[in-house]
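Notes follow the structure.
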Amino acid sequence: MAAPTDQIDLTVLLETAVGAGRAAGKLLLEYARSGFRVRHKNPIDLVTDADHAAEQLIISHIRARFPMHRFLAEEQGHIEPSPSPYLWVIDPLDGTTNFAHGYPAYCVSIGLEYQGRCILGVVVDPSRDELFTATEGSGAQLNGQTISVSETSILGASLLVTGFAYDIRETARNNLDHFAKFALKAQGLRRTGSAALDLCYVAAGRFDGFWEVRLNPWDMAAGSVIVQQAKGQLTDFSGAELSIYGQELVASNGHIHQAMLTVLHEDPAQTTPPR
Ligand code: IPD
Ligand code: CA
Ligand code: CA
């Protein structure tokens, strides 16, 4: 258990994360304009020069200020210079497929855990110049203005969002069953290709709910704090408290949460299309 003297002012941590996120967002836009190389991790899972460069920039920026902090970053994995209570969880480019196709729906996602608890989230969407921020106990903001989740209370009036993992071709647990069920029950259903932005959009009331079957900690770390601070609800599919290490995620405005969990547990064979 770290002593209280280990605790760093949240505003200093936020300032550092925003500085790193904005610089990385600018770098992504430069790569989008000038071009980049694409490598395949599997037939549909891509990584570009921009992913690596943005990640290195974020880590260097944070390390310059906090050299003893630990990192979990998508491309480099764990970096552990000391047994620090602080762990930065980073997705340098969430929405790589969109980025590689020139579709401007991607972001930088930087979350921070203190003693295993997510306490800060910063998500930068450089294409729209939108900065989502949250720190424990201080609410969630979009470009400095407080945001909160929607009031929609009926699933049939809700705009939902989801995503698919890169092993969609290899596993039956590929979310297509849930997608079919929600398509018949929601007002609308989207697949944007950026889980971190999907979480921020739930926080801002643009989406009413979001679920995904298999996410990584770096997809969820920042966005989960932003949803929580915007007074949203976050669980796994069983309704238990979200763990960013647990893959399954349901995020909502709270009002439709139980209805979403019920649909996730329905047998797909029972789904009757309306006549
Ligand atoms: C992906 C996106 C996508 C989600 C996938 C993620 P990446 O992250 O967040 O929306 O459906 O599960 O892996 O690869 O673009 O960083
Ligand atoms: Ca991601
Ligand atoms: Ca990524």
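Quick note on naming: the chains in the structure tokens go A, B, ... in the order shown, residues restart at 1 in each chain, and ligands are numbered from 1 in order of appearance.
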Could you make a table, as a Markdown table, of the residues of chain A that have an atom within 9 Å of an atom of ligand 2, each with its nearest atom pair and distance in Å to one decimal, counting only C-alpha atoms and all ligand atoms, in chain and number order?
```
| residue | atom | partner | partner_atom_place_in_ligand_line | distance |
| --- | --- | --- | --- | --- |
| A:Glu74 | CA | ligand 2 | 1 (Ca) | 7.8 |
| A:Asp91 | CA | ligand 2 | 1 (Ca) | 5.8 |
| A:Pro92 | CA | ligand 2 | 1 (Ca) | 8.2 |
| A:Leu93 | CA | ligand 2 | 1 (Ca) | 6.7 |
| A:Asp94 | CA | ligand 2 | 1 (Ca) | 4.1 |
| A:Gly95 | CA | ligand 2 | 1 (Ca) | 6.2 |
| A:Thr96 | CA | ligand 2 | 1 (Ca) | 7.6 |
| A:Ser109 | CA | ligand 2 | 1 (Ca) | 8.4 |
| A:Gly193 | CA | ligand 2 | 1 (Ca) | 8.8 |
| A:Ser194 | CA | ligand 2 | 1 (Ca) | 6.6 |
| A:Ala195 | CA | ligand 2 | 1 (Ca) | 6.5 |
| A:Ala196 | CA | ligand 2 | 1 (Ca) | 7.1 |
| A:Leu215 | CA | ligand 2 | 1 (Ca) | 7.8 |
| A:Asn216 | CA | ligand 2 | 1 (Ca) | 7.1 |
| A:Pro217 | CA | ligand 2 | 1 (Ca) | 8.7 |
| A:Trp218 | CA | ligand 2 | 1 (Ca) | 6.4 |
| A:Asp219 | CA | ligand 2 | 1 (Ca) | 4.5 |
| A:Met220 | CA | ligand 2 | 1 (Ca) | 8.3 |
```
I need the residues in segment 123-246 of chain A that are helix (DSSP H, G or I) according to DSSP; give them as a CSV table (one decimal) with all heavy atoms, in the first residue's frame.
```csv
chain,number,residue,atom,x,y,z
A,155,LEU,N,-35.3,1.3,-24.4
A,155,LEU,CA,-34.4,0.8,-25.4
A,155,LEU,C,-34.8,1.1,-26.8
A,155,LEU,O,-34.0,1.4,-27.7
A,155,LEU,CB,-34.3,-0.8,-25.2
A,155,LEU,CG,-33.1,-1.5,-25.8
A,155,LEU,CD1,-31.8,-0.9,-25.4
A,155,LEU,CD2,-33.2,-3.0,-25.5
A,156,GLY,N,-36.1,1.0,-27.1
A,156,GLY,CA,-36.6,1.2,-28.4
A,156,GLY,C,-36.4,2.7,-28.9
A,156,GLY,O,-36.6,3.0,-30.1
A,157,ALA,N,-36.1,3.6,-28.0
A,157,ALA,CA,-35.8,5.0,-28.4
A,157,ALA,C,-34.3,5.3,-28.3
A,157,ALA,O,-33.9,6.5,-28.4
A,157,ALA,CB,-36.6,5.9,-27.5
A,176,LEU,N,-21.9,-11.1,-33.4
A,176,LEU,CA,-22.9,-11.0,-34.5
A,176,LEU,C,-24.3,-11.3,-34.0
A,176,LEU,O,-25.3,-10.8,-34.4
A,176,LEU,CB,-22.5,-11.8,-35.7
A,176,LEU,CG,-21.3,-11.3,-36.5
A,176,LEU,CD1,-20.9,-12.3,-37.5
A,176,LEU,CD2,-21.6,-10.0,-37.1
A,177,ASP,N,-24.4,-12.3,-33.0
A,177,ASP,CA,-25.7,-12.7,-32.4
A,177,ASP,C,-26.3,-11.5,-31.6
A,177,ASP,O,-27.4,-11.1,-31.8
A,177,ASP,CB,-25.5,-13.9,-31.4
A,177,ASP,CG,-24.3,-13.7,-30.4
A,177,ASP,OD1,-23.5,-12.8,-30.6
A,177,ASP,OD2,-24.3,-14.5,-29.5
A,178,HIS,N,-25.5,-10.8,-30.8
A,178,HIS,CA,-26.0,-9.6,-30.1
A,178,HIS,C,-26.3,-8.5,-31.0
A,178,HIS,O,-27.3,-7.8,-30.8
A,178,HIS,CB,-24.9,-9.2,-29.1
A,178,HIS,CG,-24.5,-10.2,-28.1
A,178,HIS,ND1,-25.4,-11.0,-27.4
A,178,HIS,CD2,-23.3,-10.6,-27.6
A,178,HIS,CE1,-24.8,-11.8,-26.6
A,178,HIS,NE2,-23.5,-11.6,-26.7
A,179,PHE,N,-25.5,-8.3,-32.0
A,179,PHE,CA,-25.8,-7.3,-33.0
A,179,PHE,C,-27.2,-7.4,-33.6
A,179,PHE,O,-27.9,-6.5,-33.8
A,179,PHE,CB,-24.7,-7.3,-34.1
A,179,PHE,CG,-24.7,-6.1,-35.0
A,179,PHE,CD1,-24.1,-4.9,-34.7
A,179,PHE,CD2,-25.4,-6.2,-36.2
A,179,PHE,CE1,-24.1,-3.8,-35.6
A,179,PHE,CE2,-25.4,-5.1,-37.1
A,179,PHE,CZ,-24.8,-3.9,-36.8
A,180,ALA,N,-27.5,-8.7,-34.0
A,180,ALA,CA,-28.8,-9.0,-34.7
A,180,ALA,C,-29.9,-8.7,-33.7
A,180,ALA,O,-30.9,-8.1,-34.1
A,180,ALA,CB,-28.8,-10.4,-35.1
A,181,LYS,N,-29.7,-9.0,-32.4
A,181,LYS,CA,-30.8,-8.8,-31.4
A,181,LYS,C,-31.0,-7.3,-31.2
A,181,LYS,O,-32.2,-6.8,-31.2
A,181,LYS,CB,-30.5,-9.5,-30.1
A,181,LYS,CG,-30.5,-11.0,-30.2
A,181,LYS,CD,-30.2,-11.7,-28.8
A,181,LYS,CE,-28.8,-11.6,-28.4
A,181,LYS,NZ,-28.5,-12.2,-27.1
A,182,PHE,N,-30.0,-6.6,-31.0
A,182,PHE,CA,-30.1,-5.2,-30.7
A,182,PHE,C,-30.6,-4.4,-31.9
A,182,PHE,O,-31.3,-3.4,-31.8
A,182,PHE,CB,-28.8,-4.6,-30.2
A,182,PHE,CG,-28.5,-4.8,-28.8
A,182,PHE,CD1,-27.4,-5.6,-28.4
A,182,PHE,CD2,-29.3,-4.2,-27.8
A,182,PHE,CE1,-27.2,-5.7,-27.0
A,182,PHE,CE2,-29.1,-4.3,-26.5
A,182,PHE,CZ,-28.0,-5.1,-26.0
A,183,ALA,N,-30.3,-4.9,-33.1
A,183,ALA,CA,-30.7,-4.2,-34.4
A,183,ALA,C,-32.2,-4.2,-34.4
A,183,ALA,O,-32.8,-3.2,-35.0
A,183,ALA,CB,-30.2,-4.9,-35.6
A,184,LEU,N,-32.9,-5.2,-33.9
A,184,LEU,CA,-34.4,-5.2,-33.9
A,184,LEU,C,-35.0,-4.5,-32.7
A,184,LEU,O,-36.2,-4.3,-32.7
A,184,LEU,CB,-34.8,-6.7,-33.9
A,184,LEU,CG,-34.4,-7.5,-35.1
A,184,LEU,CD1,-34.8,-9.0,-34.9
A,184,LEU,CD2,-35.0,-7.0,-36.4
A,185,LYS,N,-34.2,-4.1,-31.7
A,185,LYS,CA,-34.8,-3.6,-30.4
A,185,LYS,C,-34.4,-2.1,-30.2
A,185,LYS,O,-35.2,-1.4,-29.5
A,185,LYS,CB,-34.3,-4.3,-29.2
A,185,LYS,CG,-34.5,-5.8,-29.4
A,185,LYS,CD,-34.9,-6.5,-28.1
A,185,LYS,CE,-35.1,-7.9,-28.3
A,185,LYS,NZ,-36.0,-8.5,-27.5
A,195,ALA,N,-13.5,2.3,-30.0
A,195,ALA,CA,-14.2,2.0,-28.7
A,195,ALA,C,-14.0,3.2,-27.8
A,195,ALA,O,-15.0,3.5,-27.0
A,195,ALA,CB,-13.6,0.8,-28.1
A,196,ALA,N,-12.9,3.8,-27.8
A,196,ALA,CA,-12.6,4.9,-26.8
A,196,ALA,C,-13.6,6.1,-27.1
A,196,ALA,O,-14.2,6.7,-26.2
A,196,ALA,CB,-11.2,5.4,-26.9
A,197,LEU,N,-13.8,6.4,-28.4
A,197,LEU,CA,-14.7,7.5,-28.8
A,197,LEU,C,-16.2,7.0,-28.5
A,197,LEU,O,-17.0,7.8,-28.1
A,197,LEU,CB,-14.6,7.8,-30.3
A,197,LEU,CG,-13.5,8.7,-30.7
A,197,LEU,CD1,-13.5,9.0,-32.2
A,197,LEU,CD2,-13.5,10.0,-29.9
A,198,ASP,N,-16.5,5.7,-28.7
A,198,ASP,CA,-17.8,5.2,-28.4
A,198,ASP,C,-18.1,5.5,-26.9
A,198,ASP,O,-19.2,6.0,-26.5
A,198,ASP,CB,-17.9,3.7,-28.6
A,198,ASP,CG,-17.8,3.4,-30.1
A,198,ASP,OD1,-18.1,4.3,-31.0
A,198,ASP,OD2,-17.5,2.2,-30.4
A,199,LEU,N,-17.2,5.3,-26.0
A,199,LEU,CA,-17.4,5.5,-24.6
A,199,LEU,C,-17.6,7.0,-24.3
A,199,LEU,O,-18.5,7.4,-23.6
A,199,LEU,CB,-16.2,5.0,-23.8
A,199,LEU,CG,-16.1,3.5,-23.6
A,199,LEU,CD1,-14.8,3.0,-23.1
A,199,LEU,CD2,-17.2,3.1,-22.6
A,200,CYS,N,-16.8,7.9,-25.0
A,200,CYS,CA,-16.9,9.3,-24.8
A,200,CYS,C,-18.3,9.8,-25.3
A,200,CYS,O,-18.9,10.7,-24.7
A,200,CYS,CB,-15.8,10.1,-25.5
A,200,CYS,SG,-14.2,9.8,-24.8
A,201,TYR,N,-18.8,9.2,-26.4
A,201,TYR,CA,-20.1,9.6,-26.9
A,201,TYR,C,-21.2,9.2,-26.0
A,201,TYR,O,-22.2,9.8,-25.9
A,201,TYR,CB,-20.2,9.0,-28.3
A,201,TYR,CG,-19.5,9.8,-29.4
A,201,TYR,CD1,-18.4,10.6,-29.1
A,201,TYR,CD2,-20.0,9.8,-30.7
A,201,TYR,CE1,-17.7,11.3,-30.1
A,201,TYR,CE2,-19.3,10.5,-31.7
A,201,TYR,CZ,-18.2,11.2,-31.4
A,201,TYR,OH,-17.5,11.9,-32.4
A,202,VAL,N,-21.0,8.1,-25.3
A,202,VAL,CA,-22.0,7.7,-24.2
A,202,VAL,C,-22.0,8.8,-23.1
A,202,VAL,O,-23.0,9.3,-22.7
A,202,VAL,CB,-21.7,6.3,-23.6
A,202,VAL,CG1,-22.6,6.0,-22.4
A,202,VAL,CG2,-22.0,5.2,-24.7
A,203,ALA,N,-20.8,9.2,-22.7
A,203,ALA,CA,-20.6,10.2,-21.7
A,203,ALA,C,-21.2,11.5,-22.1
A,203,ALA,O,-21.8,12.2,-21.3
A,203,ALA,CB,-19.1,10.4,-21.4
A,217,PRO,N,-7.6,-3.6,-22.3
A,217,PRO,CA,-7.6,-2.5,-21.2
A,217,PRO,C,-7.4,-1.1,-21.8
A,217,PRO,O,-8.0,-0.1,-21.4
A,217,PRO,CB,-6.4,-2.9,-20.3
A,217,PRO,CG,-6.1,-4.3,-20.6
A,217,PRO,CD,-6.7,-4.7,-22.0
A,218,TRP,N,-6.5,-1.0,-22.9
A,218,TRP,CA,-6.2,0.3,-23.4
A,218,TRP,C,-7.4,0.9,-24.2
A,218,TRP,O,-7.5,2.1,-24.4
A,218,TRP,CB,-5.0,0.3,-24.3
A,218,TRP,CG,-4.9,-0.9,-25.2
A,218,TRP,CD1,-5.5,-1.0,-26.5
A,218,TRP,CD2,-4.2,-2.1,-25.0
A,218,TRP,NE1,-5.2,-2.2,-27.0
A,218,TRP,CE2,-4.4,-2.9,-26.2
A,218,TRP,CE3,-3.4,-2.6,-24.0
A,218,TRP,CZ2,-3.9,-4.2,-26.3
A,218,TRP,CZ3,-2.9,-3.9,-24.1
A,218,TRP,CH2,-3.1,-4.7,-25.2
A,219,ASP,N,-8.4,0.1,-24.6
A,219,ASP,CA,-9.6,0.6,-25.3
A,219,ASP,C,-10.5,1.2,-24.3
A,219,ASP,O,-11.3,2.1,-24.6
A,219,ASP,CB,-10.4,-0.6,-26.0
A,219,ASP,CG,-9.6,-1.3,-27.0
A,219,ASP,OD1,-8.9,-0.7,-27.8
A,219,ASP,OD2,-9.6,-2.6,-27.0
A,220,MET,N,-10.4,0.7,-23.0
A,220,MET,CA,-11.4,1.1,-22.0
A,220,MET,C,-11.0,2.1,-20.9
A,220,MET,O,-11.8,2.7,-20.3
A,220,MET,CB,-11.9,-0.2,-21.3
A,220,MET,CG,-12.6,-1.2,-22.2
A,220,MET,SD,-13.3,-2.5,-21.2
A,220,MET,CE,-12.1,-3.8,-21.3
A,221,ALA,N,-9.6,2.1,-20.7
A,221,ALA,CA,-9.1,2.8,-19.5
A,221,ALA,C,-9.6,4.2,-19.4
A,221,ALA,O,-10.3,4.6,-18.4
A,221,ALA,CB,-7.6,2.7,-19.4
A,222,ALA,N,-9.3,5.0,-20.4
A,222,ALA,CA,-9.7,6.5,-20.3
A,222,ALA,C,-11.2,6.6,-20.4
A,222,ALA,O,-11.8,7.3,-19.6
A,222,ALA,CB,-9.0,7.2,-21.5
A,223,GLY,N,-11.8,6.0,-21.4
A,223,GLY,CA,-13.3,6.2,-21.6
A,223,GLY,C,-14.1,5.8,-20.4
A,223,GLY,O,-15.2,6.4,-20.2
A,224,SER,N,-13.7,4.7,-19.7
A,224,SER,CA,-14.5,4.3,-18.6
A,224,SER,C,-14.5,5.4,-17.5
A,224,SER,O,-15.6,5.6,-16.9
A,224,SER,CB,-13.9,3.0,-18.0
A,224,SER,OG,-12.6,3.1,-17.5
A,225,VAL,N,-13.4,6.1,-17.2
A,225,VAL,CA,-13.5,7.1,-16.2
A,225,VAL,C,-14.4,8.3,-16.7
A,225,VAL,O,-15.1,8.9,-16.0
A,225,VAL,CB,-12.0,7.7,-16.0
A,225,VAL,CG1,-12.1,8.7,-14.9
A,225,VAL,CG2,-11.1,6.6,-15.7
A,226,ILE,N,-14.3,8.5,-18.0
A,226,ILE,CA,-15.1,9.6,-18.6
A,226,ILE,C,-16.6,9.3,-18.5
A,226,ILE,O,-17.4,10.2,-18.1
A,226,ILE,CB,-14.7,9.9,-20.1
A,226,ILE,CG1,-13.2,10.4,-20.0
A,226,ILE,CG2,-15.6,10.9,-20.7
A,226,ILE,CD1,-12.5,10.5,-21.4
A,227,VAL,N,-17.0,8.1,-18.8
A,227,VAL,CA,-18.4,7.7,-18.6
A,227,VAL,C,-18.8,7.7,-17.2
A,227,VAL,O,-19.9,8.3,-16.8
A,227,VAL,CB,-18.7,6.2,-19.2
A,227,VAL,CG1,-20.0,5.7,-18.8
A,227,VAL,CG2,-18.5,6.2,-20.7
A,228,GLN,N,-18.0,7.2,-16.3
A,228,GLN,CA,-18.3,7.1,-14.9
A,228,GLN,C,-18.5,8.6,-14.3
A,228,GLN,O,-19.5,8.9,-13.6
A,228,GLN,CB,-17.2,6.4,-14.1
A,228,GLN,CG,-17.5,6.0,-12.7
A,228,GLN,CD,-16.3,6.4,-11.8
A,228,GLN,OE1,-15.2,6.4,-12.2
A,228,GLN,NE2,-16.6,6.8,-10.6
A,229,GLN,N,-17.6,9.5,-14.7
A,229,GLN,CA,-17.7,10.9,-14.2
A,229,GLN,C,-18.8,11.6,-14.9
A,229,GLN,O,-19.2,12.7,-14.4
A,229,GLN,CB,-16.4,11.6,-14.5
A,229,GLN,CG,-15.3,11.1,-13.5
A,229,GLN,CD,-15.6,11.3,-12.1
A,229,GLN,OE1,-16.0,12.4,-11.7
A,229,GLN,NE2,-15.4,10.3,-11.2
```
Do you know which residues are at most 12 Å from Arg33 of chain A counting only C-alpha atoms, after dropping those on the same chain fewer than 2 positions away, and could you put them as a PDB file with C-alpha atoms, in the first residue's frame?
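Done, and the output landed in selection.pdb:
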```
ATOM      1  CA  LYS A  26      -1.307  16.459 -33.934  1.00  0.00           C
ATOM      2  CA  LEU A  27       1.190  13.798 -34.975  1.00  0.00           C
ATOM      3  CA  LEU A  28      -1.615  11.498 -36.199  1.00  0.00           C
ATOM      4  CA  LEU A  29      -2.985  14.306 -38.387  1.00  0.00           C
ATOM      5  CA  GLU A  30       0.502  14.888 -39.833  1.00  0.00           C
ATOM      6  CA  TYR A  31       0.789  11.182 -40.709  1.00  0.00           C
ATOM      7  CA  GLY A  35       1.227   9.071 -45.608  1.00  0.00           C
ATOM      8  CA  PHE A  36       2.348   6.041 -43.599  1.00  0.00           C
ATOM      9  CA  ALA A  50       1.557   6.435 -36.841  1.00  0.00           C
ATOM     10  CA  PHE A  99      -7.212   5.885 -39.918  1.00  0.00           C
ATOM     11  CA  ALA A 100      -5.689   3.559 -42.531  1.00  0.00           C
ATOM     12  CA  GLY A 102      -8.719   7.930 -44.363  1.00  0.00           C
ATOM     13  CA  PRO A 104     -11.718  10.482 -39.785  1.00  0.00           C
ATOM     14  CA  SER A 127     -10.127  15.394 -36.665  1.00  0.00           C
TER      15      SER A 127
END
```
Pull the strand (DSSP E) assignments for segment 38-202 of chain A out of DSSP run on the backbone, and list those residues as a count of residues only. 61
Using only C-alpha atoms, which residues sit within 9 Å of Arg191 of chain A once same-chain residues fewer than 3 positions away are excluded, as a PyMOL selection string? chain A and resi 160-164+194+198
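A straight line drawn from atom CA of Ala204 of chain A to atom CA of Ile119 of chain A is 18.6 Å long.
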What is the distance, in Å and to one decimal place, between atom CA of Val122 of chain A and atom CA of Gly21 of chain A? 7.1 Å
Neighbour list for Arg65 of chain A as a CSV table (one decimal) with N, CA, C and O atoms, in the first residue's frame, cut-off 10 Å, only C-alpha atoms, skip fewer than 5 positions in-chain:
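Wrote out30.csv, looks like this:
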```csv
chain,number,residue,atom,x,y,z
A,12,VAL,N,-2.1,18.2,-12.0
A,12,VAL,CA,-0.7,18.0,-12.7
A,12,VAL,C,-0.7,16.8,-13.6
A,12,VAL,O,-0.2,16.8,-14.7
A,13,LEU,N,-1.3,15.7,-13.1
A,13,LEU,CA,-1.4,14.5,-13.9
A,13,LEU,C,-2.3,14.8,-15.2
A,13,LEU,O,-1.9,14.3,-16.3
A,16,THR,N,-0.5,16.8,-17.7
A,16,THR,CA,0.5,16.0,-18.4
A,16,THR,C,-0.1,15.2,-19.5
A,16,THR,O,0.3,15.1,-20.6
A,60,SER,N,7.2,9.1,-24.0
A,60,SER,CA,8.4,10.0,-23.7
A,60,SER,C,7.9,11.3,-23.0
A,60,SER,O,8.5,11.8,-22.0
```
Restricting to only C-alpha atoms and all ligand atoms, whichever of A:Thr135, A:Thr11, A:Thr192, A:Ser153 is closest to ligand 1 is A:Thr192
In Å, how far is it from atom CA of Phe71 of chain A to atom CA of Leu57 of chain A?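 Atom CA of Leu57 of chain A lies at a distance of 13.1 Å from atom CA of Phe71 of chain A.
If only C-alpha atoms and all ligand atoms are the atoms counted, then among A:His257, A:Arg70, A:Arg22, A:His40 the closest residue to ligand 1 is A:His40.
For the set A:Gly205, A:Asp45, A:His61, A:Ala24, the residue with the smallest atom-to-atom gap to Arg169 of chain A is A:Asp45, counting only C-alpha atoms.
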Near segment 231-239 of chain A, counting only C-alpha atoms, which residues have an atom at most 7 Å away, once you skip same-chain residues fewer than 4 positions from it, shown as JSON, numbers by chain? {"A": [148, 149, 203, 227, 248, 249, 250, 251, 252, 253, 254, 261]}
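With only C-alpha atoms as the atoms that count, the minimum distance from Phe132 of chain A to the choices A:Gln145, A:Ser243, A:Glu266, A:Ile59 is reached by A:Gln145.
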Let me make sure I understand: among A:Ile256, A:Leu189, A:Ala20, A:Asp49, which one has the smallest atom-to-atom distance to Ala64 of chain A if we use only C-alpha atoms?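 Going through A:Ile256, A:Leu189, A:Ala20, A:Asp49 one by one, the smallest distance to Ala64 of chain A is for A:Ala20.
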For each of A:Asp167, A:Asp208, A:Glu136, A:Glu15, take the minimum atom-to-atom distance to ligand 1, counting only C-alpha atoms and all ligand atoms, then give the residue where this is smallest. A:Asp167
